[in-house]
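Chemist: The structure file target25.cif (mmCIF, C-alpha atoms) is provided below.
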```cif
data_model
loop_
_atom_site.label_atom_id
_atom_site.label_comp_id
_atom_site.auth_asym_id
_atom_site.auth_seq_id
_atom_site.Cartn_x
_atom_site.Cartn_y
_atom_site.Cartn_z
CA LEU T 1 17.28 6.71 11.15
CA GLN T 2 15.48 6.15 14.43
CA TYR T 3 11.94 4.91 14.99
CA MET T 4 9.42 4.30 17.73
CA SER T 5 7.55 0.99 17.78
CA GLY T 6 3.91 0.09 18.19
CA PHE T 7 0.80 0.09 16.01
CA GLY T 8 -1.65 2.90 16.84
CA ASN T 9 0.21 3.89 20.00
CA GLU T 10 0.13 7.33 21.62
CA HIS T 11 3.61 8.49 20.62
CA VAL T 12 5.53 11.55 21.82
CA SER T 13 8.52 12.93 19.93
CA GLU T 14 10.59 16.08 19.76
CA ASP T 15 13.68 16.94 17.75
CA PRO T 16 16.67 16.72 20.14
CA ARG T 17 17.89 20.09 18.83
CA CYS T 18 14.97 21.69 20.70
CA PRO T 19 14.48 19.92 24.05
CA GLY T 20 11.26 20.82 25.79
CA ALA T 21 9.49 21.77 22.54
CA LEU T 22 6.40 19.81 23.56
CA PRO T 23 4.07 21.81 25.83
CA GLU T 24 3.56 20.23 29.24
CA GLY T 25 0.09 19.37 30.45
CA GLN T 26 -1.88 20.84 27.55
CA ASN T 27 -2.11 20.76 23.76
CA ASN T 28 -2.66 24.42 22.90
CA PRO T 29 -0.96 26.88 25.29
CA GLN T 30 -1.24 30.62 24.78
CA VAL T 31 2.43 30.67 23.80
CA CYS T 32 4.16 27.45 22.69
CA PRO T 33 7.81 26.74 23.60
CA TYR T 34 10.34 28.22 21.17
CA GLY T 35 7.59 30.41 19.66
CA LEU T 36 6.11 27.44 17.73
CA TYR T 37 2.58 27.17 16.35
CA ALA T 38 0.25 24.39 17.55
CA GLU T 39 -1.67 22.57 14.82
CA GLN T 40 -3.89 19.51 15.14
CA LEU T 41 -4.12 16.92 12.35
CA SER T 42 -7.36 14.93 12.70
CA GLY T 43 -7.76 11.54 11.07
CA SER T 44 -11.25 10.94 12.43
CA ALA T 45 -14.30 12.87 13.53
CA PHE T 46 -13.81 14.54 16.91
CA THR T 47 -16.63 12.45 18.37
CA CYS T 48 -15.45 9.00 17.25
CA PRO T 49 -15.22 6.42 20.06
CA ARG T 50 -11.82 6.34 21.72
CA PRO T 51 -10.65 3.12 20.01
CA THR T 52 -11.12 4.75 16.57
CA ASN T 53 -10.29 8.36 17.42
CA LYS T 54 -7.20 9.44 15.48
CA ARG T 55 -5.38 12.75 15.90
CA SER T 56 -1.93 14.21 16.42
CA TRP T 57 -0.72 17.61 17.61
CA LEU T 58 2.13 19.18 15.62
CA TYR T 59 4.32 22.02 16.91
CA ARG T 60 5.74 23.79 13.91
CA ILE T 61 7.70 26.87 12.89
CA LEU T 62 4.88 28.08 10.61
CA PRO T 63 1.37 26.61 10.32
CA SER T 64 0.52 24.75 7.13
CA VAL T 65 -2.13 27.38 6.26
CA CYS T 66 0.61 29.73 4.97
CA HIS T 67 0.45 29.08 1.23
CA LYS T 68 -0.85 30.63 -1.98
CA PRO T 69 -4.18 29.39 -3.44
CA PHE T 70 -4.30 25.89 -4.93
CA LYS T 71 -4.53 25.62 -8.71
CA PRO T 72 -5.18 22.54 -10.89
CA LEU T 73 -2.06 20.54 -11.71
CA GLU T 74 -1.90 18.50 -14.90
CA GLU T 75 0.53 15.82 -13.77
CA GLY T 76 0.45 12.12 -13.19
CA HIS T 77 -2.11 9.66 -14.46
CA LEU T 78 -4.53 9.45 -11.54
CA THR T 79 -8.23 8.91 -12.04
CA HIS T 80 -11.36 7.67 -10.33
CA ASN T 81 -13.38 7.64 -13.55
CA TRP T 82 -14.27 3.99 -13.59
CA ASP T 83 -16.49 4.33 -16.67
CA GLU T 84 -13.86 5.49 -19.18
CA ILE T 85 -13.73 2.01 -20.71
CA GLU T 86 -16.08 -0.97 -20.89
CA PRO T 87 -15.91 -3.52 -18.03
CA ASP T 88 -13.74 -6.60 -18.55
CA PRO T 89 -14.53 -9.72 -16.46
CA ASN T 90 -11.59 -11.72 -17.82
CA GLN T 91 -8.60 -12.88 -15.83
CA LEU T 92 -6.06 -10.09 -16.32
CA ARG T 93 -2.31 -10.17 -15.94
CA TRP T 94 0.25 -7.44 -16.52
CA LYS T 95 3.91 -7.76 -17.43
CA PRO T 96 6.30 -5.70 -15.27
CA PHE T 97 5.41 -2.04 -15.59
CA GLU T 98 8.10 -0.09 -17.43
CA ILE T 99 10.22 2.47 -15.59
CA PRO T 100 11.12 5.53 -17.71
CA LYS T 101 14.80 6.14 -18.35
CA ALA T 102 16.50 9.22 -16.94
CA PRO T 103 17.61 11.82 -17.91
CA GLN T 104 15.58 11.62 -21.13
CA ASN T 105 12.32 11.35 -19.22
CA LYS T 106 12.66 12.48 -15.60
CA MET T 107 9.76 11.34 -13.48
CA ASP T 108 9.32 11.67 -9.71
CA PHE T 109 6.91 9.88 -7.40
CA VAL T 110 3.93 12.15 -8.18
CA THR T 111 4.38 12.32 -11.95
CA GLY T 112 4.93 8.56 -11.94
CA LEU T 113 1.58 7.67 -10.33
CA HIS T 114 -0.74 5.65 -12.58
CA THR T 115 -4.19 4.38 -11.57
CA LEU T 116 -4.69 0.75 -12.59
CA CYS T 117 -8.11 -0.10 -11.17
CA GLY T 118 -10.56 0.80 -8.44
CA ALA T 119 -14.15 1.38 -7.34
CA GLY T 120 -16.19 3.93 -5.43
CA GLU T 121 -15.34 7.60 -5.27
CA PRO T 122 -13.64 9.88 -2.77
CA ARG T 123 -16.45 12.41 -2.31
CA GLY T 124 -18.71 9.71 -0.91
CA ARG T 125 -15.83 8.50 1.33
CA ASN T 126 -16.19 4.89 0.23
CA GLY T 127 -13.89 3.16 -2.22
CA ILE T 128 -10.42 2.04 -3.13
CA ALA T 129 -7.91 2.46 -5.93
CA VAL T 130 -4.84 0.50 -6.96
CA HIS T 131 -2.00 2.61 -8.36
CA ILE T 132 1.38 1.78 -9.87
CA PHE T 133 4.29 4.16 -9.33
CA VAL T 134 7.35 4.28 -11.57
CA CYS T 135 10.00 6.97 -11.10
CA ASN T 136 13.65 7.75 -11.60
CA THR T 137 14.22 11.06 -9.83
CA SER T 138 13.61 12.50 -6.37
CA MET T 139 11.01 15.09 -5.46
CA VAL T 140 12.84 18.42 -5.08
CA ASP T 141 11.08 21.28 -3.25
CA ARG T 142 7.82 19.39 -3.75
CA CYS T 143 5.63 17.49 -1.31
CA PHE T 144 2.40 15.59 -1.68
CA TYR T 145 -0.60 14.87 0.50
CA ASN T 146 -3.77 12.90 -0.10
CA SER T 147 -7.01 14.60 0.92
CA ASP T 148 -9.00 11.59 -0.27
CA GLY T 149 -7.64 8.70 1.77
CA ASP T 150 -4.72 6.59 2.94
CA PHE T 151 -1.84 5.28 0.82
CA LEU T 152 -0.40 1.83 1.55
CA ILE T 153 2.87 1.86 -0.40
CA VAL T 154 4.61 -1.36 -1.47
CA PRO T 155 8.04 -0.69 -3.04
CA GLN T 156 9.12 -3.43 -5.45
CA GLN T 157 12.33 -2.04 -6.95
CA GLY T 158 14.48 0.63 -5.34
CA LYS T 159 14.29 2.07 -1.84
CA LEU T 160 12.31 5.16 -0.83
CA LEU T 161 13.56 7.78 1.61
CA ILE T 162 10.30 9.37 2.69
CA THR T 163 10.35 12.67 4.55
CA THR T 164 7.11 13.37 6.40
CA GLU T 165 5.89 16.02 8.80
CA PHE T 166 6.53 13.45 11.55
CA GLY T 167 10.09 12.57 10.50
CA LYS T 168 11.93 10.38 8.02
CA MET T 169 11.43 6.74 7.02
CA LEU T 170 13.57 4.55 4.78
CA VAL T 171 11.33 1.99 3.07
CA GLU T 172 12.94 -0.79 1.04
CA PRO T 173 11.50 -3.68 -1.01
CA ASN T 174 9.94 -6.25 1.33
CA GLU T 175 8.81 -3.41 3.58
CA ILE T 176 5.59 -1.42 3.35
CA CYS T 177 4.57 1.95 4.68
CA VAL T 178 1.27 3.71 5.24
CA ILE T 179 0.89 7.45 4.78
CA GLN T 180 -2.49 8.35 6.19
CA GLN T 181 -4.94 10.95 4.91
CA GLY T 182 -3.67 14.52 4.99
CA MET T 183 -0.04 13.79 5.88
CA ARG T 184 2.50 15.67 3.78
CA PHE T 185 5.47 13.73 2.45
CA SER T 186 8.24 13.86 -0.12
CA VAL T 187 9.97 10.88 -1.73
CA GLU T 188 13.68 10.61 -2.51
CA VAL T 189 14.78 7.74 -4.77
CA PHE T 190 18.18 6.34 -5.73
CA GLY T 191 17.67 5.21 -9.30
CA GLU T 192 14.94 3.41 -11.20
CA THR T 193 12.12 2.76 -8.74
CA ARG T 194 8.80 0.93 -8.97
CA GLY T 195 6.02 -0.22 -6.69
CA TYR T 196 2.33 -0.59 -5.90
CA ILE T 197 -0.11 1.53 -3.90
CA LEU T 198 -3.42 0.57 -2.31
CA GLU T 199 -5.53 3.65 -1.61
CA VAL T 200 -8.61 3.51 0.61
CA TYR T 201 -11.24 6.22 0.97
CA GLY T 202 -13.26 6.52 4.14
CA ALA T 203 -11.46 4.03 6.39
CA HIS T 204 -8.06 3.59 7.99
CA PHE T 205 -5.99 0.42 8.03
CA GLU T 206 -5.97 -1.59 11.23
CA LEU T 207 -4.70 -4.94 12.41
CA PRO T 208 -7.13 -7.79 11.71
CA ASP T 209 -8.91 -9.43 14.62
CA LEU T 210 -7.25 -12.72 15.57
CA GLY T 211 -10.28 -14.66 16.84
CA PRO T 212 -9.34 -18.22 17.87
CA ILE T 213 -5.69 -17.58 16.95
CA GLY T 214 -5.49 -15.80 20.29
CA ALA T 215 -3.56 -12.77 21.47
CA ASN T 216 -0.47 -13.15 19.27
CA GLY T 217 0.36 -13.84 15.66
CA LEU T 218 0.25 -12.50 12.11
CA ALA T 219 1.57 -8.93 12.16
CA ASN T 220 2.48 -8.10 15.76
CA PRO T 221 1.86 -4.49 16.87
CA ARG T 222 5.38 -3.90 18.19
CA ASP T 223 6.91 -4.50 14.75
CA PHE T 224 5.32 -1.38 13.24
CA LEU T 225 7.71 1.58 13.25
CA VAL T 226 6.91 5.29 13.47
CA PRO T 227 9.44 8.04 12.60
CA VAL T 228 10.83 10.43 15.21
CA ALA T 229 10.50 14.20 14.96
CA TRP T 230 12.88 15.95 12.58
CA TYR T 231 12.57 19.49 11.26
CA GLU T 232 14.18 21.81 8.77
CA ASP T 233 13.91 25.58 9.09
CA ARG T 234 14.46 26.26 5.41
CA GLN T 235 13.32 29.15 3.28
CA VAL T 236 12.66 28.44 -0.40
CA PRO T 237 12.66 31.78 -2.23
CA GLY T 238 12.09 30.08 -5.58
CA GLY T 239 8.90 28.50 -4.26
CA TYR T 240 8.05 25.21 -2.58
CA THR T 241 5.21 23.28 -4.25
CA VAL T 242 2.59 21.56 -2.10
CA ILE T 243 0.55 19.06 -4.13
CA SER T 244 -2.85 17.90 -2.94
CA LYS T 245 -4.88 14.99 -4.27
CA TYR T 246 -8.41 16.28 -3.76
CA GLN T 247 -11.55 14.56 -5.09
CA GLY T 248 -9.32 12.50 -7.36
CA LYS T 249 -7.60 15.49 -8.98
CA LEU T 250 -4.19 17.06 -8.35
CA PHE T 251 -3.82 20.66 -7.20
CA ALA T 252 -0.66 22.64 -6.44
CA ALA T 253 0.00 25.57 -4.11
CA GLN T 254 3.18 27.60 -3.66
CA GLN T 255 4.83 28.62 -0.42
CA ASP T 256 8.26 30.01 0.43
CA TYR T 257 9.30 27.56 3.17
CA SER T 258 9.70 23.84 3.74
CA PRO T 259 6.57 22.11 5.11
CA PHE T 260 8.78 19.75 7.13
CA ASN T 261 9.10 22.29 9.93
CA VAL T 262 7.53 20.26 12.75
CA VAL T 263 9.85 20.48 15.77
CA ALA T 264 7.77 18.21 18.03
CA TRP T 265 4.55 16.20 17.93
CA HIS T 266 2.41 13.81 19.92
CA GLY T 267 -0.58 11.64 19.09
CA ASN T 268 -1.75 8.38 17.57
CA TYR T 269 -2.29 9.51 13.95
CA THR T 270 1.07 8.94 12.26
CA PRO T 271 2.77 7.43 9.24
CA TYR T 272 4.30 4.02 9.87
CA LYS T 273 6.25 1.21 8.21
CA TYR T 274 6.49 -2.57 8.61
CA HIS T 275 8.93 -5.25 7.43
CA LEU T 276 7.12 -8.21 5.88
CA GLU T 277 9.70 -10.68 7.22
CA LYS T 278 8.33 -9.96 10.71
CA PHE T 279 5.01 -11.63 9.84
CA MET T 280 4.22 -14.66 12.01
CA VAL T 281 2.71 -17.19 9.61
CA ILE T 282 -0.23 -19.34 10.67
CA ASN T 283 -0.83 -22.38 8.46
CA ALA T 284 -2.52 -25.78 8.13
CA VAL T 285 -0.50 -28.55 9.79
CA ALA T 286 -2.81 -31.54 9.30
CA PHE T 287 -4.75 -31.49 6.01
CA ASP T 288 -6.44 -29.19 3.50
CA HIS T 289 -5.52 -25.67 2.50
CA ALA T 290 -6.35 -22.78 4.83
CA ASP T 291 -8.03 -19.73 3.33
CA PRO T 292 -5.68 -16.82 2.45
CA SER T 293 -7.28 -14.65 5.14
CA ILE T 294 -4.73 -16.15 7.54
CA PHE T 295 -2.09 -14.08 5.72
CA THR T 296 -3.76 -10.69 6.30
CA VAL T 297 -1.33 -7.99 7.46
CA LEU T 298 -3.68 -4.99 7.53
CA THR T 299 -7.38 -4.49 6.91
CA ALA T 300 -9.66 -1.54 6.25
CA LYS T 301 -13.08 -2.57 7.48
CA THR T 302 -16.60 -1.85 6.27
CA THR T 303 -19.66 -1.58 8.50
CA ARG T 304 -20.46 -5.23 7.71
CA ALA T 305 -18.79 -7.59 10.15
CA GLY T 306 -15.98 -9.55 8.55
CA VAL T 307 -16.25 -7.80 5.17
CA ALA T 308 -13.28 -5.63 4.20
CA LEU T 309 -13.19 -2.53 2.11
CA ALA T 310 -9.62 -3.67 1.49
CA ASP T 311 -7.23 -6.26 2.90
CA PHE T 312 -3.48 -6.34 2.43
CA VAL T 313 -2.45 -10.00 2.32
CA ILE T 314 1.01 -11.56 1.80
CA PHE T 315 2.25 -15.04 0.85
CA PRO T 316 5.54 -15.29 2.73
CA PRO T 317 8.10 -18.08 3.00
CA ARG T 318 6.77 -20.90 5.21
CA TRP T 319 6.60 -24.65 5.67
CA GLY T 320 4.04 -26.81 3.88
CA VAL T 321 3.22 -30.01 5.77
CA ALA T 322 -0.45 -30.84 5.04
CA ASN T 323 -1.14 -34.54 4.41
CA ASN T 324 -3.31 -35.91 1.58
CA THR T 325 -3.69 -32.34 0.32
CA PHE T 326 -3.29 -30.40 -2.90
CA ARG T 327 -1.02 -27.79 -1.34
CA PRO T 328 -0.98 -24.83 -3.77
CA PRO T 329 -3.93 -22.39 -3.81
CA TYR T 330 -7.13 -24.14 -4.87
CA TYR T 331 -9.31 -23.28 -7.86
CA HIS T 332 -11.62 -20.55 -6.81
CA ARG T 333 -14.45 -18.17 -7.66
CA ASN T 334 -14.83 -15.32 -5.20
CA CYS T 335 -17.31 -12.61 -4.21
CA MET T 336 -14.24 -10.40 -3.58
CA SER T 337 -11.87 -8.74 -6.07
CA GLU T 338 -8.25 -9.89 -5.93
CA PHE T 339 -5.32 -7.85 -7.25
CA MET T 340 -1.97 -9.59 -6.87
CA GLY T 341 1.55 -8.23 -7.15
CA LEU T 342 4.99 -9.77 -6.81
CA ILE T 343 7.86 -8.08 -4.98
CA LYS T 344 10.48 -10.76 -5.66
CA GLY T 345 10.88 -14.40 -6.65
CA HIS T 346 8.30 -16.70 -8.25
CA TYR T 347 4.71 -17.09 -7.06
CA GLU T 348 4.00 -20.71 -6.10
CA ALA T 349 0.83 -21.10 -8.20
CA LYS T 350 2.28 -19.56 -11.38
CA GLU T 351 6.03 -19.84 -11.67
CA GLU T 352 6.03 -18.58 -15.25
CA GLY T 353 4.50 -15.38 -16.57
CA PHE T 354 3.74 -13.71 -13.23
CA GLN T 355 6.81 -11.54 -12.72
CA PRO T 356 8.12 -9.08 -10.10
CA GLY T 357 6.83 -5.62 -10.88
CA GLY T 358 3.81 -6.97 -12.73
CA GLY T 359 0.36 -7.87 -11.44
CA SER T 360 -2.89 -9.73 -11.96
CA LEU T 361 -6.56 -9.03 -11.32
CA HIS T 362 -9.17 -11.71 -10.75
CA SER T 363 -12.51 -9.96 -10.57
CA MET T 364 -15.67 -10.96 -8.77
CA MET T 365 -16.71 -14.52 -9.59
CA THR T 366 -14.05 -14.84 -12.29
CA PRO T 367 -12.48 -18.31 -11.87
CA HIS T 368 -8.77 -18.58 -11.20
CA GLY T 369 -6.20 -20.91 -9.72
CA PRO T 370 -2.95 -22.75 -10.42
CA ASP T 371 -1.75 -23.04 -14.00
CA ALA T 372 -1.59 -26.45 -15.67
CA ASP T 373 2.07 -27.06 -14.88
CA CYS T 374 1.60 -26.28 -11.20
CA PHE T 375 -1.44 -28.57 -10.99
CA GLU T 376 0.38 -31.52 -12.54
CA LYS T 377 3.46 -31.13 -10.33
CA ALA T 378 1.49 -30.67 -7.11
CA SER T 379 -0.83 -33.60 -7.88
CA LYS T 380 2.13 -35.97 -8.18
CA ALA T 381 4.48 -34.49 -5.57
CA LYS T 382 5.68 -36.56 -2.64
CA LEU T 383 3.90 -35.12 0.42
CA GLU T 384 6.74 -34.45 2.78
CA PRO T 385 7.52 -31.26 4.72
CA GLU T 386 8.76 -28.65 2.26
CA ARG T 387 9.68 -25.01 2.27
CA VAL T 388 7.24 -22.90 0.29
CA ALA T 389 7.99 -19.54 -1.31
CA ASP T 390 11.60 -19.19 -0.15
CA GLY T 391 13.10 -16.11 -1.79
CA THR T 392 9.63 -14.94 -2.78
CA MET T 393 7.16 -12.34 -1.60
CA ALA T 394 3.81 -12.12 -3.35
CA PHE T 395 0.94 -10.04 -2.00
CA MET T 396 -2.74 -9.39 -2.61
CA PHE T 397 -4.97 -6.35 -2.38
CA GLU T 398 -8.42 -7.86 -1.78
CA SER T 399 -11.65 -5.86 -1.73
CA SER T 400 -15.39 -6.41 -1.37
CA LEU T 401 -15.85 -3.82 -4.15
CA SER T 402 -16.08 -4.74 -7.83
CA LEU T 403 -13.01 -3.13 -9.39
CA ALA T 404 -13.01 -1.40 -12.77
CA VAL T 405 -9.79 -1.26 -14.78
CA THR T 406 -8.68 2.07 -16.22
CA LYS T 407 -7.91 2.80 -19.85
CA TRP T 408 -4.26 3.14 -18.85
CA GLY T 409 -4.34 -0.35 -17.36
CA LEU T 410 -6.05 -2.03 -20.31
CA GLN T 411 -4.54 -0.07 -23.19
CA THR T 412 -2.14 2.82 -22.65
CA SER T 413 0.36 1.01 -20.41
CA ASN T 414 0.82 -1.63 -23.13
CA ARG T 415 1.72 -4.16 -20.42
CA LEU T 416 -1.40 -6.35 -20.49
CA ASP T 417 -0.56 -10.00 -21.12
CA LYS T 418 -3.15 -11.00 -23.70
CA ASN T 419 -2.09 -14.65 -23.51
CA TYR T 420 -2.78 -15.05 -19.79
CA TYR T 421 -5.77 -17.33 -20.35
CA LYS T 422 -3.55 -19.84 -22.14
CA CYS T 423 -1.87 -20.94 -18.89
CA TRP T 424 -5.03 -22.96 -18.10
CA GLU T 425 -5.62 -24.40 -21.59
CA PRO T 426 -3.37 -27.47 -21.08
CA LEU T 427 -5.51 -28.62 -18.12
CA LYS T 428 -7.03 -31.95 -19.06
CA SER T 429 -9.69 -34.21 -17.67
CA HIS T 430 -8.52 -36.98 -15.35
CA PHE T 431 -12.04 -38.28 -14.81
CA ASN T 432 -12.44 -42.07 -14.77
CA PRO T 433 -15.86 -43.36 -13.62
CA LYS T 434 -14.34 -46.80 -12.98
CA CYS T 435 -11.63 -45.50 -10.66
CA LYS T 436 -12.89 -44.51 -7.21
#
```
Please re-express this file's structure in structure tokens.
Modeler:
Amino acid sequence: LQYMSGFGNEHVSEDPRCPGALPEGQNNPQVCPYGLYAEQLSGSAFTCPRPTNKRSWLYRILPSVCHKPFKPLEEGHLTHNWDEIEPDPNQLRWKPFEIPKAPQNKMDFVTGLHTLCGAGEPRGRNGIAVHIFVCNTSMVDRCFYNSDGDFLIVPQQGKLLITTEFGKMLVEPNEICVIQQGMRFSVEVFGETRGYILEVYGAHFELPDLGPIGANGLANPRDFLVPVAWYEDRQVPGGYTVISKYQGKLFAAQQDYSPFNVVAWHGNYTPYKYHLEKFMVINAVAFDHADPSIFTVLTAKTTRAGVALADFVIFPPRWGVANNTFRPPYYHRNCMSEFMGLIKGHYEAKEEGFQPGGGSLHSMMTPHGPDADCFEKASKAKLEPERVADGTMAFMFESSLSLAVTKWGLQTSNRLDKNYYKCWEPLKSHFNPKCK
């Protein structure tokens, strides 16, 4: 597969089978090359300032309007009903979410979507949701698009071959991809597959401002990859299903052709992927423990300066060198909500219990921090330069919203670790008023 690089760039791409498919000098000629239809996909209001104006022009064999009426689809386990169960302020941790076995229980990407927690609602265009996906079969003659917001997809087990209107992307564990609002895509898998999704309503992800870090660092723009144009001119007499997530519900429409019929496109509103190993880590090199905001890969901002609707943060392999410092994450109460997941390895603050494919949620002002074993080891460790998190990749979805957990998350999934609180019970007092 081929890609173009650059975050938010103005990209131009045409399938090499049809050279010259892009109109020259204008977006919407009276007759497009090759008899194609011009269609604009807008990711922002027309009148947004240039830095935030998002749109792409697609040149396709048939426009996407050619479909039968949408009808409700009873599939998946998506919700934005945050009141279906009483709030729970406790520290929550989930064991790895179970992947159904095929062929007894075939489940593709859409049927395997489960909402774990969230806040806000899509009609008001302000909110987020955290979903888990578990699947064992590919989407066949089915595609999906999200009318409500953007999907940031974090595969944890199994690779995803994602076909989009813009082209194809292969996304493997330790990579992420973002499929923005309205973009149609289909997911092919190669066995038992699992991962996490951060959905945002009403904002798009962008690179965080670097401030005193300067012009370079964290996730560099050139490391983000965008697919190149690829089309199929394929009729589907038995019916192709287009699934829309609209106001939190799923709807399906039938059409008799593949939606991946875009021969050429140009614009700055695209799907993209990023490899987490490309992240340039910034860290404390003298003393104390820097705040986790230095590990932010992408952010979806609110109108309040410095306050995120959602941040995607990682804890990658790095060196720890701080002197006279308790090096693991400190004990903390936060005005933000923190959902953590683990792609591989062992998280430094909780080497037991927090497993790849599982997760944890520390809600607003709920205290959290290293377990007792981690505290004792780190308090007595010799402070010399050491590698931290080798072979590991943990991440965090952080939000300024207070997240509610779904009934599926607390009950139906049957993956909640009810003994999570016990990891702090062995902590003991070391206080000695005579020892300064």
Chemist: Hey, which of T:Ile197, T:Val321, T:Ala404, T:Cys335 ends up closest to T:Glu384? Count only C-alpha atoms.
Modeler: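 Closest to T:Glu384 of all the choices is T:Val321.
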Chemist: Take the PyMOL selection byres ((chain T and resi 163-168) around 10), run it mentally on this structure, and tell me the resulting residues as a VMD selection string.
Modeler: chain T and resid 1 to 3 13 to 15 56 58 60 143 to 145 160 to 162 169 to 171 179 183 to 188 226 to 231 259 to 266 269 to 272
Chemist: Could you write out the selected residues, including C-alpha atoms, as an mmCIF file, keeping the file's coordinate frame?
Modeler:
```
data_model
loop_
_atom_site.group_PDB
_atom_site.id
_atom_site.type_symbol
_atom_site.label_atom_id
_atom_site.label_comp_id
_atom_site.auth_asym_id
_atom_site.auth_seq_id
_atom_site.Cartn_x
_atom_site.Cartn_y
_atom_site.Cartn_z
ATOM 1 C CA LEU T 1 17.280 6.710 11.150
ATOM 2 C CA GLN T 2 15.480 6.150 14.430
ATOM 3 C CA TYR T 3 11.940 4.910 14.990
ATOM 4 C CA SER T 13 8.520 12.930 19.930
ATOM 5 C CA GLU T 14 10.590 16.080 19.760
ATOM 6 C CA ASP T 15 13.680 16.940 17.750
ATOM 7 C CA SER T 56 -1.930 14.210 16.420
ATOM 8 C CA LEU T 58 2.130 19.180 15.620
ATOM 9 C CA ARG T 60 5.740 23.790 13.910
ATOM 10 C CA CYS T 143 5.630 17.490 -1.310
ATOM 11 C CA PHE T 144 2.400 15.590 -1.680
ATOM 12 C CA TYR T 145 -0.600 14.870 0.500
ATOM 13 C CA LEU T 160 12.310 5.160 -0.830
ATOM 14 C CA LEU T 161 13.560 7.780 1.610
ATOM 15 C CA ILE T 162 10.300 9.370 2.690
ATOM 16 C CA MET T 169 11.430 6.740 7.020
ATOM 17 C CA LEU T 170 13.570 4.550 4.780
ATOM 18 C CA VAL T 171 11.330 1.990 3.070
ATOM 19 C CA ILE T 179 0.890 7.450 4.780
ATOM 20 C CA MET T 183 -0.040 13.790 5.880
ATOM 21 C CA ARG T 184 2.500 15.670 3.780
ATOM 22 C CA PHE T 185 5.470 13.730 2.450
ATOM 23 C CA SER T 186 8.240 13.860 -0.120
ATOM 24 C CA VAL T 187 9.970 10.880 -1.730
ATOM 25 C CA GLU T 188 13.680 10.610 -2.510
ATOM 26 C CA VAL T 226 6.910 5.290 13.470
ATOM 27 C CA PRO T 227 9.440 8.040 12.600
ATOM 28 C CA VAL T 228 10.830 10.430 15.210
ATOM 29 C CA ALA T 229 10.500 14.200 14.960
ATOM 30 C CA TRP T 230 12.880 15.950 12.580
ATOM 31 C CA TYR T 231 12.570 19.490 11.260
ATOM 32 C CA PRO T 259 6.570 22.110 5.110
ATOM 33 C CA PHE T 260 8.780 19.750 7.130
ATOM 34 C CA ASN T 261 9.100 22.290 9.930
ATOM 35 C CA VAL T 262 7.530 20.260 12.750
ATOM 36 C CA VAL T 263 9.850 20.480 15.770
ATOM 37 C CA ALA T 264 7.770 18.210 18.030
ATOM 38 C CA TRP T 265 4.550 16.200 17.930
ATOM 39 C CA HIS T 266 2.410 13.810 19.920
ATOM 40 C CA TYR T 269 -2.290 9.510 13.950
ATOM 41 C CA THR T 270 1.070 8.940 12.260
ATOM 42 C CA PRO T 271 2.770 7.430 9.240
ATOM 43 C CA TYR T 272 4.300 4.020 9.870
#
```
Chemist: Going by the chain IDs and residue numbers used in this file, which residues fall under the PyMOL selection byres ((chain T and resi 118) around 7)? Write them as a PyMOL selection string.
Modeler: chain T and resi 117+119+128-130+403-405
Chemist: Write out as a VMD selection string each polymer residue whose atoms come within 9 Å of T:Gly6, counting all atoms listed in the file; drop sequence neighbours fewer than 6 positions from it.
Modeler: chain T and resid 220 to 226
Chemist: Fewer than 5 positions away in the same chain doesn't count, so skip those; otherwise give me all residues within 7 Å of T:Gly43, counting all atoms listed in the file, as a ChimeraX atom specification.
Modeler: /T:54-55,181,269
Chemist: Of the candidates T:Arg333, T:Arg387, T:His204, T:His131, which shows the shortest atom-to-atom distance to T:Arg318, using all atoms listed in the file?
Modeler: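 Ranking T:Arg333, T:Arg387, T:His204, T:His131 by distance to T:Arg318, first place goes to T:Arg387.
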Chemist: If I only want stretch 381-404 of chain T, can you write it with C-alpha atoms, as a PDB file, in the first residue's frame?
Modeler:
```
ATOM      1  CA  ALA T 381      15.041   1.805  43.718  1.00  0.00           C
ATOM      2  CA  LYS T 382      18.554   2.968  42.943  1.00  0.00           C
ATOM      3  CA  LEU T 383      18.145   6.201  40.947  1.00  0.00           C
ATOM      4  CA  GLU T 384      20.219   5.550  37.891  1.00  0.00           C
ATOM      5  CA  PRO T 385      19.271   5.992  34.223  1.00  0.00           C
ATOM      6  CA  GLU T 386      16.806   3.257  33.301  1.00  0.00           C
ATOM      7  CA  ARG T 387      14.649   2.295  30.382  1.00  0.00           C
ATOM      8  CA  VAL T 388      10.964   2.687  31.121  1.00  0.00           C
ATOM      9  CA  ALA T 389       8.140   0.828  29.386  1.00  0.00           C
ATOM     10  CA  ASP T 390      10.243  -1.166  26.919  1.00  0.00           C
ATOM     11  CA  GLY T 391       7.966  -3.593  25.085  1.00  0.00           C
ATOM     12  CA  THR T 392       4.928  -1.713  26.346  1.00  0.00           C
ATOM     13  CA  MET T 393       2.413   0.731  24.933  1.00  0.00           C
ATOM     14  CA  ALA T 394      -0.254   2.101  27.240  1.00  0.00           C
ATOM     15  CA  PHE T 395      -2.506   4.987  26.257  1.00  0.00           C
ATOM     16  CA  MET T 396      -5.090   7.312  27.749  1.00  0.00           C
ATOM     17  CA  PHE T 397      -8.264   8.922  26.473  1.00  0.00           C
ATOM     18  CA  GLU T 398      -8.597  12.028  28.666  1.00  0.00           C
ATOM     19  CA  SER T 399     -11.602  14.346  28.644  1.00  0.00           C
ATOM     20  CA  SER T 400     -12.876  17.443  30.429  1.00  0.00           C
ATOM     21  CA  LEU T 401     -16.328  15.788  30.440  1.00  0.00           C
ATOM     22  CA  SER T 402     -17.582  13.627  33.304  1.00  0.00           C
ATOM     23  CA  LEU T 403     -17.990  10.170  31.761  1.00  0.00           C
ATOM     24  CA  ALA T 404     -20.884   7.839  32.522  1.00  0.00           C
TER      25      ALA T 404
END
```
